[in-house]
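Enquirer: For reference, the file run-v9.cif (mmCIF, C-alpha atoms) is included below:
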```cif
data_work
#
loop_
_atom_site.label_atom_id
_atom_site.label_comp_id
_atom_site.auth_asym_id
_atom_site.auth_seq_id
_atom_site.Cartn_x
_atom_site.Cartn_y
_atom_site.Cartn_z
CA MET H 171 7.88 -83.83 24.87
CA ASP H 172 6.50 -86.05 22.14
CA LEU H 173 8.87 -87.09 19.36
CA SER H 174 6.11 -88.65 17.28
CA ALA H 175 5.83 -85.48 15.14
CA TYR H 176 9.51 -85.78 14.17
CA ARG H 177 9.12 -89.51 13.48
CA ALA H 178 6.11 -88.77 11.29
CA LEU H 179 8.10 -86.13 9.42
CA TRP H 180 10.96 -88.56 8.86
CA ARG H 181 8.53 -91.10 7.38
CA THR H 182 6.79 -88.55 5.12
CA ARG H 183 8.07 -88.96 1.60
CA GLY H 184 10.16 -86.06 0.34
CA VAL H 185 10.46 -84.12 3.60
CA ALA H 186 13.96 -85.19 4.66
CA SER H 187 15.45 -84.82 1.18
CA LEU H 188 13.83 -81.44 0.60
CA LEU H 189 14.97 -80.04 3.95
CA ALA H 190 18.53 -81.37 3.58
CA SER H 191 18.95 -80.06 0.03
CA ALA H 192 17.52 -76.66 1.03
CA LEU H 193 19.96 -76.37 3.91
CA VAL H 194 22.93 -77.17 1.68
CA ALA H 195 21.62 -74.81 -1.02
CA ARG H 196 21.34 -71.89 1.41
CA LEU H 197 24.73 -72.49 3.01
CA PRO H 198 26.92 -70.96 0.24
CA VAL H 199 24.92 -67.72 0.33
CA MET H 200 25.44 -67.46 4.08
CA ALA H 201 29.12 -68.40 3.80
CA SER H 202 29.88 -65.87 1.06
CA MET H 203 29.19 -62.73 3.11
CA VAL H 204 32.41 -62.78 5.13
CA PRO H 205 34.69 -63.35 2.10
CA VAL H 206 32.86 -60.64 0.13
CA SER H 207 33.35 -58.16 2.98
CA PHE H 208 37.08 -58.86 3.16
CA LEU H 209 37.35 -58.80 -0.65
CA ALA H 210 35.81 -55.31 -0.71
CA LYS H 211 37.96 -54.15 2.19
CA ASP H 212 41.18 -55.39 0.54
CA ALA H 213 40.23 -53.75 -2.76
CA ALA H 214 39.43 -50.31 -1.33
CA GLY H 215 41.36 -50.41 1.93
CA SER H 216 38.30 -49.59 4.01
CA PHE H 217 35.61 -51.52 5.85
CA GLY H 218 33.32 -48.61 5.00
CA TRP H 219 33.51 -49.73 1.37
CA ALA H 220 32.68 -53.27 2.52
CA GLY H 221 29.51 -51.85 4.06
CA VAL H 222 28.60 -50.17 0.78
CA VAL H 223 29.05 -53.44 -1.11
CA ALA H 224 27.01 -55.37 1.48
CA GLY H 225 24.27 -52.73 1.36
CA ALA H 226 24.06 -52.98 -2.43
CA TYR H 227 23.69 -56.75 -2.10
CA SER H 228 20.83 -56.32 0.40
CA VAL H 229 19.01 -53.90 -1.90
CA GLY H 230 19.32 -56.33 -4.79
CA THR H 231 17.98 -59.17 -2.67
CA ALA H 232 15.03 -57.14 -1.40
CA VAL H 233 14.06 -56.21 -4.97
CA GLY H 234 14.64 -59.59 -6.60
CA GLY H 235 13.08 -61.83 -3.96
CA PRO H 236 9.38 -61.10 -4.62
CA ILE H 237 9.90 -61.14 -8.40
CA TRP H 238 11.42 -64.63 -8.50
CA SER H 239 8.97 -65.92 -5.90
CA ARG H 240 5.99 -64.73 -7.94
CA LEU H 241 7.48 -66.30 -11.07
CA ALA H 242 7.95 -69.58 -9.19
CA ASP H 243 4.24 -69.57 -8.31
CA ARG H 244 3.29 -68.95 -11.93
CA ARG H 245 5.78 -71.18 -13.77
CA GLY H 246 6.89 -73.68 -11.16
CA GLY H 247 9.94 -73.48 -8.93
CA ARG H 248 12.34 -75.84 -10.70
CA TRP H 249 13.84 -73.66 -13.41
CA VAL H 250 13.37 -70.43 -11.49
CA VAL H 251 15.41 -71.85 -8.61
CA ILE H 252 18.07 -73.39 -10.83
CA GLY H 253 18.29 -70.43 -13.23
CA THR H 254 18.68 -67.81 -10.50
CA GLY H 255 21.14 -70.05 -8.64
CA MET H 256 23.37 -70.35 -11.69
CA ALA H 257 23.13 -66.58 -12.33
CA TRP H 258 24.07 -65.88 -8.69
CA SER H 259 27.13 -68.12 -9.01
CA VAL H 260 28.25 -66.39 -12.20
CA ALA H 261 27.83 -62.95 -10.59
CA MET H 262 29.89 -64.05 -7.59
CA VAL H 263 32.64 -65.35 -9.89
CA VAL H 264 32.69 -61.97 -11.66
CA LEU H 265 32.88 -60.23 -8.29
CA ALA H 266 35.79 -62.43 -7.18
CA LEU H 267 37.77 -61.97 -10.42
CA LEU H 268 37.12 -58.23 -10.78
CA PRO H 269 40.48 -56.43 -11.31
CA GLY H 270 41.64 -54.31 -8.40
CA ASP H 271 41.47 -51.06 -10.35
CA LEU H 272 37.76 -51.68 -11.05
CA TYR H 273 36.78 -51.97 -7.39
CA ARG H 274 34.28 -49.11 -7.81
CA ALA H 275 32.15 -51.53 -9.86
CA MET H 276 31.83 -53.90 -6.90
CA PRO H 277 28.52 -52.44 -5.57
CA VAL H 278 26.93 -52.87 -9.01
CA VAL H 279 28.05 -56.49 -9.35
CA SER H 280 27.07 -57.14 -5.74
CA ALA H 281 23.58 -55.72 -6.32
CA ILE H 282 23.18 -57.96 -9.39
CA ALA H 283 24.27 -60.98 -7.33
CA GLY H 284 21.77 -60.03 -4.62
CA ALA H 285 18.98 -59.69 -7.18
CA PHE H 286 19.65 -63.26 -8.36
CA VAL H 287 19.64 -64.94 -4.94
CA SER H 288 17.68 -68.12 -5.60
CA PRO H 289 14.24 -68.25 -3.90
CA VAL H 290 15.17 -71.41 -2.02
CA THR H 291 13.75 -70.22 1.30
CA ALA H 292 10.46 -68.99 -0.18
CA THR H 293 9.84 -72.15 -2.23
CA LEU H 294 10.71 -74.37 0.72
CA ARG H 295 8.28 -72.68 3.10
CA ALA H 296 5.58 -72.64 0.46
CA ALA H 297 6.03 -76.39 -0.09
CA TRP H 298 5.49 -77.54 3.51
CA PRO H 299 1.66 -77.21 3.61
CA ARG H 300 1.52 -79.34 0.45
CA LEU H 301 3.52 -82.14 2.07
CA VAL H 302 2.39 -82.22 5.71
CA GLN H 303 -0.58 -81.13 7.81
CA GLY H 304 -1.65 -80.81 11.43
CA SER H 305 0.96 -81.18 14.16
CA ARG H 306 3.57 -82.19 11.59
CA LEU H 307 3.18 -78.83 9.85
CA ARG H 308 3.91 -76.95 13.07
CA ALA H 309 6.86 -79.27 13.73
CA VAL H 310 8.39 -78.83 10.28
CA TYR H 311 8.16 -75.03 10.42
CA ALA H 312 9.81 -75.08 13.86
CA LEU H 313 12.50 -77.38 12.47
CA ASP H 314 12.98 -75.11 9.45
CA ALA H 315 13.40 -72.04 11.66
CA THR H 316 15.85 -73.94 13.87
CA ALA H 317 17.89 -75.04 10.87
CA GLN H 318 18.03 -71.42 9.73
CA GLU H 319 19.66 -70.52 13.04
CA VAL H 320 22.25 -73.24 12.48
CA LEU H 321 23.00 -71.79 9.04
CA PHE H 322 23.48 -68.32 10.53
CA ALA H 323 26.03 -69.82 12.92
CA ILE H 324 27.86 -72.18 10.56
CA GLY H 325 27.81 -70.21 7.29
CA PRO H 326 29.86 -67.15 8.34
CA MET H 327 32.25 -69.42 10.25
CA LEU H 328 32.96 -71.50 7.13
CA GLY H 329 33.49 -68.34 5.10
CA ALA H 330 35.89 -67.00 7.72
CA LEU H 331 37.85 -70.29 7.72
CA VAL H 332 38.38 -70.16 3.94
CA VAL H 333 39.47 -66.52 4.22
CA SER H 334 41.90 -67.41 7.03
CA PHE H 335 43.50 -70.41 5.33
CA ALA H 336 43.30 -69.23 1.72
CA SER H 337 41.99 -65.79 0.65
CA PRO H 338 38.77 -63.79 0.30
CA ARG H 339 38.79 -64.51 -3.44
CA ALA H 340 39.00 -68.24 -2.78
CA GLY H 341 36.11 -67.95 -0.35
CA VAL H 342 33.85 -66.25 -2.91
CA LEU H 343 34.79 -68.71 -5.67
CA SER H 344 34.21 -71.68 -3.34
CA ALA H 345 30.74 -70.40 -2.45
CA ALA H 346 29.89 -69.98 -6.13
CA ALA H 347 31.03 -73.53 -6.97
CA VAL H 348 29.14 -75.14 -4.08
CA ALA H 349 26.01 -73.14 -4.93
CA MET H 350 25.95 -74.48 -8.50
CA ALA H 351 25.79 -78.08 -7.32
CA SER H 352 23.62 -77.65 -4.21
CA ILE H 353 20.98 -75.41 -5.80
CA TRP H 354 20.69 -77.83 -8.71
CA TRP H 355 20.06 -80.66 -6.21
CA TYR H 356 17.34 -78.65 -4.51
CA GLY H 357 15.87 -77.33 -7.74
CA VAL H 358 15.24 -80.72 -9.37
CA GLN H 359 13.01 -81.63 -6.41
CA GLN H 360 10.59 -78.78 -7.06
CA GLN H 361 7.03 -79.68 -7.95
CA PRO H 362 5.17 -78.20 -10.95
CA ALA H 363 3.28 -74.96 -10.43
CA VAL H 364 -0.11 -75.22 -8.76
CA LYS H 365 -2.83 -75.23 -11.42
CA HIS H 366 -4.65 -71.93 -11.46
CA ASP H 367 -8.18 -71.43 -12.75
CA GLU H 368 -7.79 -69.00 -15.61
CA ASN H 369 -11.32 -67.71 -14.96
CA VAL H 370 -10.27 -66.54 -11.51
CA GLN H 371 -8.10 -63.44 -11.37
CA ARG H 372 -4.74 -64.02 -9.71
CA LEU H 373 -4.00 -61.82 -6.71
CA THR H 374 -1.94 -58.74 -7.43
CA ALA H 375 0.87 -57.79 -5.05
CA PRO H 376 -1.27 -55.14 -3.24
CA GLN H 377 -4.15 -57.60 -2.90
CA LEU H 378 -1.80 -60.25 -1.55
CA LEU H 379 -0.13 -57.96 0.97
CA TRP H 380 -3.05 -55.77 2.05
CA HIS H 381 -4.68 -58.41 4.22
CA ARG H 382 -5.64 -58.09 7.87
CA TYR H 383 -3.54 -61.13 8.86
CA ARG H 384 -0.79 -61.43 6.25
CA LEU H 385 0.43 -57.82 6.46
CA PRO H 386 0.72 -57.86 10.30
CA LEU H 387 2.62 -61.17 10.12
CA ILE H 388 5.13 -59.77 7.63
CA LEU H 389 5.45 -56.58 9.69
CA ALA H 390 6.02 -58.60 12.86
CA PHE H 391 8.70 -60.68 11.14
CA ALA H 392 10.46 -57.54 9.89
CA LEU H 393 10.36 -56.05 13.40
CA CYS H 394 11.80 -59.25 14.87
CA VAL H 395 14.64 -59.31 12.32
CA THR H 396 15.32 -55.63 13.07
CA ALA H 397 15.62 -56.57 16.74
CA PHE H 398 17.90 -59.53 15.97
CA ALA H 399 20.19 -57.40 13.77
CA SER H 400 20.45 -54.73 16.46
CA VAL H 401 21.36 -57.35 19.07
CA SER H 402 24.07 -58.76 16.78
CA LEU H 403 25.68 -55.34 16.51
CA GLY H 404 25.21 -54.83 20.25
CA ILE H 405 27.12 -58.06 20.88
CA VAL H 406 30.00 -56.81 18.71
CA ALA H 407 30.03 -53.47 20.59
CA PHE H 408 29.93 -55.32 23.93
CA ALA H 409 32.95 -57.42 22.92
CA ASP H 410 34.83 -54.33 21.78
CA GLU H 411 34.15 -52.64 25.13
CA HIS H 412 35.69 -55.64 26.90
CA GLY H 413 38.76 -55.58 24.64
CA ASN H 414 38.32 -59.11 23.24
CA ARG H 415 36.59 -59.56 19.89
CA LEU H 416 36.45 -63.32 20.37
CA ILE H 417 33.67 -62.68 22.91
CA ALA H 418 31.38 -61.67 20.03
CA GLY H 419 31.70 -65.05 18.32
CA VAL H 420 31.11 -66.92 21.58
CA LEU H 421 28.03 -64.88 22.50
CA GLU H 422 26.56 -65.23 19.00
CA SER H 423 27.05 -69.00 19.22
CA VAL H 424 25.42 -69.14 22.67
CA TRP H 425 22.46 -67.13 21.35
CA ALA H 426 22.11 -69.49 18.37
CA LEU H 427 22.39 -72.49 20.70
CA GLY H 428 19.46 -71.21 22.76
CA SER H 429 17.40 -70.82 19.60
CA LEU H 430 18.34 -74.33 18.50
CA ILE H 431 17.27 -75.81 21.83
CA GLY H 432 13.99 -73.90 21.84
CA GLY H 433 13.14 -74.85 18.27
CA VAL H 434 13.76 -78.55 18.81
CA ILE H 435 11.74 -78.64 22.03
CA VAL H 436 8.76 -76.71 20.67
CA GLY H 437 8.68 -78.84 17.53
CA ALA H 438 8.38 -81.93 19.74
CA LEU H 439 5.59 -80.60 21.96
CA PRO H 440 2.25 -82.39 21.52
CA GLY H 441 0.38 -79.17 20.74
CA ARG H 442 -2.75 -79.67 22.82
CA ARG H 443 -3.33 -75.93 23.22
CA ASN H 444 -4.00 -73.05 20.90
CA SER H 445 -0.71 -71.38 20.01
CA PHE H 446 -0.83 -67.58 19.70
CA VAL H 447 2.07 -65.91 17.88
CA TRP H 448 1.80 -62.75 19.99
CA ARG H 449 2.59 -64.71 23.16
CA ARG H 450 5.85 -65.94 21.70
CA ALA H 451 6.81 -62.46 20.49
CA LEU H 452 6.08 -61.17 23.99
CA LEU H 453 8.52 -63.76 25.37
CA ILE H 454 11.19 -62.39 23.02
CA ALA H 455 10.60 -58.92 24.48
CA ALA H 456 10.93 -60.35 28.00
CA GLY H 457 14.19 -62.08 27.02
CA MET H 458 15.61 -58.87 25.60
CA LEU H 459 14.73 -57.02 28.82
CA LEU H 460 16.52 -59.75 30.79
CA CYS H 461 19.66 -59.05 28.77
CA VAL H 462 19.47 -55.34 29.64
CA PHE H 463 20.29 -56.28 33.25
CA ALA H 464 22.90 -58.88 32.25
CA THR H 465 25.51 -56.67 30.59
CA SER H 466 27.77 -56.50 33.63
CA SER H 467 29.98 -59.35 32.36
CA PRO H 468 30.30 -61.73 29.39
CA VAL H 469 29.14 -64.64 31.58
CA THR H 470 25.90 -63.00 32.70
CA LEU H 471 25.16 -61.75 29.19
CA GLY H 472 25.83 -65.23 27.84
CA ILE H 473 23.27 -66.68 30.25
CA GLY H 474 20.76 -64.00 29.28
CA LEU H 475 21.30 -64.64 25.57
CA LEU H 476 20.96 -68.40 26.03
CA LEU H 477 17.64 -68.00 27.82
CA SER H 478 16.28 -65.34 25.47
CA GLY H 479 17.42 -67.34 22.45
CA CYS H 480 15.16 -70.24 23.41
CA VAL H 481 12.09 -68.39 22.05
CA LEU H 482 13.60 -67.12 18.77
CA ALA H 483 13.16 -70.17 16.53
CA PRO H 484 9.72 -71.05 17.99
CA THR H 485 8.47 -67.52 17.31
CA VAL H 486 9.90 -67.36 13.80
CA GLY H 487 8.53 -70.84 13.06
CA ALA H 488 5.08 -69.77 14.26
CA LEU H 489 5.20 -66.71 11.98
CA TYR H 490 6.09 -68.97 9.02
CA GLU H 491 3.28 -71.39 9.84
CA ARG H 492 0.60 -68.71 10.27
CA LEU H 493 1.59 -66.90 7.08
CA GLY H 494 1.70 -70.11 5.04
CA THR H 495 -1.67 -71.30 6.35
CA MET H 496 -3.36 -67.97 5.67
CA THR H 497 -2.15 -67.63 2.09
CA PRO H 498 -3.69 -69.32 -0.98
CA ASP H 499 -1.47 -72.06 -2.38
CA SER H 500 -1.18 -70.37 -5.79
CA VAL H 501 0.64 -67.32 -4.31
CA ARG H 502 2.29 -68.83 -1.25
CA THR H 503 5.84 -68.65 -2.62
CA GLU H 504 5.39 -64.98 -3.43
CA ILE H 505 4.22 -64.09 0.06
CA PHE H 506 7.32 -65.69 1.53
CA GLY H 507 9.38 -63.71 -0.97
CA TRP H 508 7.84 -60.51 0.40
CA MET H 509 8.56 -61.77 3.90
CA GLY H 510 12.23 -62.17 2.95
CA SER H 511 12.33 -58.63 1.57
CA GLY H 512 10.90 -57.35 4.83
CA ALA H 513 13.65 -59.20 6.66
CA MET H 514 16.37 -57.65 4.49
CA ILE H 515 15.02 -54.15 5.11
CA GLY H 516 14.64 -54.85 8.84
CA GLY H 517 18.18 -56.17 9.09
CA ALA H 518 19.63 -53.10 7.39
CA VAL H 519 17.61 -50.71 9.58
CA GLY H 520 18.47 -52.61 12.75
CA SER H 521 22.20 -52.52 12.08
CA ALA H 522 22.16 -48.81 11.24
CA VAL H 523 19.97 -47.62 14.12
CA SER H 524 21.66 -49.79 16.75
CA GLY H 525 25.00 -48.21 15.86
CA VAL H 526 23.55 -44.80 16.67
CA VAL H 527 22.07 -46.17 19.93
CA VAL H 528 25.44 -47.56 21.04
CA GLU H 529 27.22 -44.29 20.30
CA SER H 530 24.56 -42.09 21.92
CA PHE H 531 23.36 -44.08 24.95
CA GLY H 532 25.51 -47.17 25.48
CA VAL H 533 25.52 -50.87 24.66
CA ARG H 534 22.80 -52.00 27.07
CA TYR H 535 20.24 -49.74 25.38
CA VAL H 536 20.49 -51.89 22.25
CA TRP H 537 18.59 -54.56 24.18
CA VAL H 538 16.08 -51.95 25.31
CA MET H 539 15.46 -51.12 21.66
CA ALA H 540 15.22 -54.82 20.76
CA ALA H 541 12.65 -55.36 23.53
CA GLY H 542 10.59 -52.47 22.21
CA LEU H 543 10.69 -53.86 18.68
CA ALA H 544 9.62 -57.32 19.89
CA LEU H 545 6.77 -55.72 21.83
CA LEU H 546 5.63 -53.93 18.66
CA ALA H 547 5.77 -57.27 16.83
CA ALA H 548 3.53 -58.82 19.50
CA LEU H 549 1.04 -55.97 19.18
CA ALA H 550 1.03 -56.30 15.39
CA VAL H 551 -0.15 -59.94 15.52
CA LEU H 552 -2.46 -59.57 18.50
CA HIS H 553 -5.55 -60.33 16.40
CA VAL H 554 -4.03 -63.12 14.27
CA PRO H 555 -5.89 -66.40 14.93
CA PRO H 556 -3.85 -69.06 16.77
CA HIS H 557 -2.55 -72.36 15.49
CA ARG H 558 -5.01 -74.94 16.81
CA PRO H 559 -4.37 -78.58 17.70
CA ALA H 560 -4.62 -81.00 14.82
CA ASP H 561 -7.61 -82.83 16.33
CA ASP H 562 -9.67 -79.65 16.65
CA PRO H 563 -11.69 -78.23 13.76
CA VAL H 564 -9.57 -75.62 12.06
CA VAL H 565 -11.23 -72.65 10.44
CA GLU H 566 -8.80 -70.41 8.60
CA GLU H 567 -10.04 -67.16 7.12
CA VAL H 568 -8.21 -66.48 3.88
CA ALA H 569 -9.17 -63.42 1.89
CA VAL H 570 -8.64 -63.71 -1.84
CA ALA H 571 -9.30 -60.10 -2.64
#
```
Write out the structure in this file as structure tokens.

Expert:
Amino acid sequence: MDLSAYRALWRTRGVASLLASALVARLPVMASMVPVSFLAKDAAGSFGWAGVVAGAYSVGTAVGGPIWSRLADRRGGRWVVIGTGMAWSVAMVVLALLPGDLYRAMPVVSAIAGAFVSPVTATLRAAWPRLVQGSRLRAVYALDATAQEVLFAIGPMLGALVVSFASPRAGVLSAAAVAMASIWWYGVQQQPAVKHDENVQRLTAPQLLWHRYRLPLILAFALCVTAFASVSLGIVAFADEHGNRLIAGVLESVWALGSLIGGVIVGALPGRRNSFVWRRALLIAAGMLLCVFATSSPVTLGIGLLLSGCVLAPTVGALYERLGTMTPDSVRTEIFGWMGSGAMIGGAVGSAVSGVVVESFGVRYVWVMAAGLALLAALAVLHVPPHRPADDPVVEEVAVA
């Protein structure tokens, strides 16, 4: 391991502040999901209704993400990020204070809140190539992906704590209040929009997406998220089979810990070899297959999840890096917005299909499905050029039409 890449990142002006503010800005969105689910369940008396409300939120996010990301590329990220963040907070306050007899309006309000999720993630990942290059770029994307795993672990836990010690309404209101301050902090650090030659036609959405490298990368990311969502539901089903729901939280944490370890290690590697994304996706498939044979007990599954988790953040980070490098700067935020929409669709599909798999075949076949999805992701990016060492000549082919 070589920690020089992390030291160089720490010394690069703006990197530490931008990453820290982005993490805090994304945390309320992650933390709000558990309180919203319980709020919907308490209002209607059914977790099925909570699923409807969550689904409406996902649809809103998938629709709104590319729109705000494209606007951030055109007008600059500052006021797009801040404006959508404030709108999201207001929508969440409305959702929290909605009278009980109007609970049927919750999906509508939830969809509006989802549509106004601030493009923090897209603007952050679009900003990295402007701030760092070479080995530091690979390191910062690995670090970003690792931090995302931490958010997935910490956010829902914080939301559950507020629900436990206060109420679902207090949890939603707390998330809205924290989002107002944290998104403002992140938003004021945004740089002006990249100057665009008016004589050159800006890429349309089809032109941006229909690219021999960008489209496979987005597809691979969506397939990976579908696999991750299916595994999460498989873990819940596994815990239910063993009669102890606490097992689900422990296994999810172990899985996230493996991803954290893998992301930190890969980000510190010297990078003296070409790094192919498909190889990392293939390792995810191998890890999922390992878990198929580890479902005999919580201990063996925990070991399998820890080992398989070690390649999650490195693979996701590599997908971010390849997509960012192969996209023109003037539309880079938008492409990450489309990537986020693909993730939302993949997550919804993964959760739905894995439930059918559990009911029809059994829990272990969820990991069979996840392995198949990871294998498809590897095949999708088979022809994507690798990340090359910083001291080698780098030739990136970027189509602009």

Enquirer: Taking 6 positions as the minimum chain separation for residues in the same chain, which residues sit within 7 Å of segment 326-335 of chain H when counting all atoms listed in the file? Answer as a ChimeraX atom specification.

Expert: /H:200-205,341

Enquirer: Distance table requested - segment 295-370 of chain H against segment 247-264 of chain H, cut-off 12 Å, only C-alpha atoms: one row per qualifying residue with the closest atom pair and its distance in Å to one decimal, ordered by chain and rising residue number, as JSON lines.

Expert:
```
{"residue": "H:Ala296", "atom": "CA", "partner": "H:Gly247", "partner_atom": "CA", "distance": 10.4}
{"residue": "H:Ala297", "atom": "CA", "partner": "H:Gly247", "partner_atom": "CA", "distance": 10.1}
{"residue": "H:Pro338", "atom": "CA", "partner": "H:Met262", "partner_atom": "CA", "distance": 11.9}
{"residue": "H:Arg339", "atom": "CA", "partner": "H:Val263", "partner_atom": "CA", "distance": 9.0}
{"residue": "H:Ala340", "atom": "CA", "partner": "H:Val263", "partner_atom": "CA", "distance": 10.0}
{"residue": "H:Gly341", "atom": "CA", "partner": "H:Met262", "partner_atom": "CA", "distance": 10.3}
{"residue": "H:Val342", "atom": "CA", "partner": "H:Met262", "partner_atom": "CA", "distance": 6.5}
{"residue": "H:Leu343", "atom": "CA", "partner": "H:Val263", "partner_atom": "CA", "distance": 5.8}
{"residue": "H:Ser344", "atom": "CA", "partner": "H:Val263", "partner_atom": "CA", "distance": 9.2}
{"residue": "H:Ala345", "atom": "CA", "partner": "H:Ser259", "partner_atom": "CA", "distance": 7.8}
{"residue": "H:Ala346", "atom": "CA", "partner": "H:Ser259", "partner_atom": "CA", "distance": 4.4}
{"residue": "H:Ala347", "atom": "CA", "partner": "H:Ser259", "partner_atom": "CA", "distance": 7.0}
{"residue": "H:Val348", "atom": "CA", "partner": "H:Ser259", "partner_atom": "CA", "distance": 8.8}
{"residue": "H:Ala349", "atom": "CA", "partner": "H:Ser259", "partner_atom": "CA", "distance": 6.6}
{"residue": "H:Met350", "atom": "CA", "partner": "H:Met256", "partner_atom": "CA", "distance": 5.8}
{"residue": "H:Ala351", "atom": "CA", "partner": "H:Met256", "partner_atom": "CA", "distance": 9.2}
{"residue": "H:Ser352", "atom": "CA", "partner": "H:Gly255", "partner_atom": "CA", "distance": 9.1}
{"residue": "H:Ile353", "atom": "CA", "partner": "H:Gly255", "partner_atom": "CA", "distance": 6.1}
{"residue": "H:Trp354", "atom": "CA", "partner": "H:Ile252", "partner_atom": "CA", "distance": 5.6}
{"residue": "H:Trp355", "atom": "CA", "partner": "H:Ile252", "partner_atom": "CA", "distance": 8.8}
{"residue": "H:Tyr356", "atom": "CA", "partner": "H:Val251", "partner_atom": "CA", "distance": 8.2}
{"residue": "H:Gly357", "atom": "CA", "partner": "H:Arg248", "partner_atom": "CA", "distance": 4.8}
{"residue": "H:Val358", "atom": "CA", "partner": "H:Arg248", "partner_atom": "CA", "distance": 5.8}
{"residue": "H:Gln359", "atom": "CA", "partner": "H:Arg248", "partner_atom": "CA", "distance": 7.2}
{"residue": "H:Gln360", "atom": "CA", "partner": "H:Arg248", "partner_atom": "CA", "distance": 5.0}
{"residue": "H:Gln361", "atom": "CA", "partner": "H:Gly247", "partner_atom": "CA", "distance": 6.9}
{"residue": "H:Pro362", "atom": "CA", "partner": "H:Gly247", "partner_atom": "CA", "distance": 7.0}
{"residue": "H:Ala363", "atom": "CA", "partner": "H:Gly247", "partner_atom": "CA", "distance": 7.0}
{"residue": "H:Val364", "atom": "CA", "partner": "H:Gly247", "partner_atom": "CA", "distance": 10.2}
```

Enquirer: Distance atom CA of Ser445 of chain H-atom CA of Pro555 of chain H, one decimal place?

Expert: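 So the answer is 8.8 Å.
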
Enquirer: Nearest to Gly472 of chain H: which of H:Met509, H:Met539, H:Ala456, H:Ile417 is it, counting all atoms listed in the file?

Expert: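 Nearest to Gly472 of chain H: H:Ile417.
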
Enquirer: Just the number, please: distance in Å from atom CA of Val395 of chain H to atom CA of Gly520 of chain H, one decimal.

Expert: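 The value is 7.7 Å.
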
Enquirer: Near Trp537 of chain H, within 10 Å and counting all atoms listed in the file, which residues show up once chain neighbours fewer than 2 positions away are dropped, as an MDAnalysis selection string?

Expert: chainID H and resid 397:398 400:401 404:405 455 457:463 465 524 533:535 539:543

Enquirer: Leaving out Leu379 of chain H and any residue of its chain fewer than 4 positions from it, which residues lie within 12 Å of it when counting only C-alpha atoms, given as an MDAnalysis selection string?

Expert: chainID H and resid 236 373:375 383:389 493 496:497 501:502 504:509 512 569:571

Enquirer: Set out as JSON lines a contact list for segment 275-333 of chain H and segment 182-197 of chain H with a cut-off of 7 Å, giving each residue of segment 275-333 of chain H that qualifies its closest atom pair and distance in Å to one decimal, counting all atoms listed in the file, ordered by chain and rising residue number.

Expert:
```
{"residue": "H:Val290", "atom": "CA", "partner": "H:Ala192", "partner_atom": "CA", "distance": 6.5}
{"residue": "H:Leu321", "atom": "CA", "partner": "H:Leu197", "partner_atom": "CA", "distance": 6.3}
{"residue": "H:Gly325", "atom": "CA", "partner": "H:Leu197", "partner_atom": "CA", "distance": 5.7}
```

Enquirer: Compare H:Gly516, H:Pro269, H:Pro376, H:Gly479 by their minimum atom-to-atom distance to Val424 of chain H, counting all atoms listed in the file, and give me the closest one.

Expert: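 Closest to Val424 of chain H of all the choices is H:Gly479.
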
Enquirer: Counting only C-alpha atoms, which of H:Tyr490, H:Ser429, H:Ser280, H:Pro556 gets nearest to Asn444 of chain H?

Expert: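 Residue with the minimum atom-to-atom distance to Asn444 of chain H: H:Pro556.
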
Enquirer: As a ChimeraX atom specification, please: the residues near segment 223-230 of chain H (cut-off 7 Å, all atoms listed in the file, same-chain neighbours under 6 positions excluded).

Expert: /H:276-277,280-285,514

Enquirer: Counting all atoms listed in the file, find residues at most 9 Å from (22.5, -69.8, 13.0) (file frame) and give them as a PyMOL selection string.

Expert: chain H and resi 316-325+422-423+425-427+429-430

Enquirer: Can you write out the residues you just picked, keeping C-alpha atoms, as a PDB file, in the frame of the given file?

Expert:
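What landed in selection.pdb:
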```pdb
ATOM      1  CA  THR H 316      15.850 -73.940  13.870  1.00  0.00           C
ATOM      2  CA  ALA H 317      17.890 -75.040  10.870  1.00  0.00           C
ATOM      3  CA  GLN H 318      18.030 -71.420   9.730  1.00  0.00           C
ATOM      4  CA  GLU H 319      19.660 -70.520  13.040  1.00  0.00           C
ATOM      5  CA  VAL H 320      22.250 -73.240  12.480  1.00  0.00           C
ATOM      6  CA  LEU H 321      23.000 -71.790   9.040  1.00  0.00           C
ATOM      7  CA  PHE H 322      23.480 -68.320  10.530  1.00  0.00           C
ATOM      8  CA  ALA H 323      26.030 -69.820  12.920  1.00  0.00           C
ATOM      9  CA  ILE H 324      27.860 -72.180  10.560  1.00  0.00           C
ATOM     10  CA  GLY H 325      27.810 -70.210   7.290  1.00  0.00           C
ATOM     11  CA  GLU H 422      26.560 -65.230  19.000  1.00  0.00           C
ATOM     12  CA  SER H 423      27.050 -69.000  19.220  1.00  0.00           C
ATOM     13  CA  TRP H 425      22.460 -67.130  21.350  1.00  0.00           C
ATOM     14  CA  ALA H 426      22.110 -69.490  18.370  1.00  0.00           C
ATOM     15  CA  LEU H 427      22.390 -72.490  20.700  1.00  0.00           C
ATOM     16  CA  SER H 429      17.400 -70.820  19.600  1.00  0.00           C
ATOM     17  CA  LEU H 430      18.340 -74.330  18.500  1.00  0.00           C
TER      18      LEU H 430
END
```

Enquirer: Please write the residues picked by the PyMOL selection byres ((chain H and resi 432) around 12) on this file as number ranges by chain.

Expert: H: 312-313, 315-317, 319, 425-431, 433-439, 450, 454, 476-487

Enquirer: Quote the spacing between atom CA of Gly234 of chain H and atom CA of Ile515 of chain H in Å to one decimal place.

Expert: 12.9 Å

Enquirer: Considering all atoms listed in the file, state which residue in the set H:Leu545, H:Val406, H:Leu452, H:Leu421 is at the smallest distance from Val469 of chain H.

Expert: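 Smallest separation from Val469 of chain H among the options: H:Leu421.
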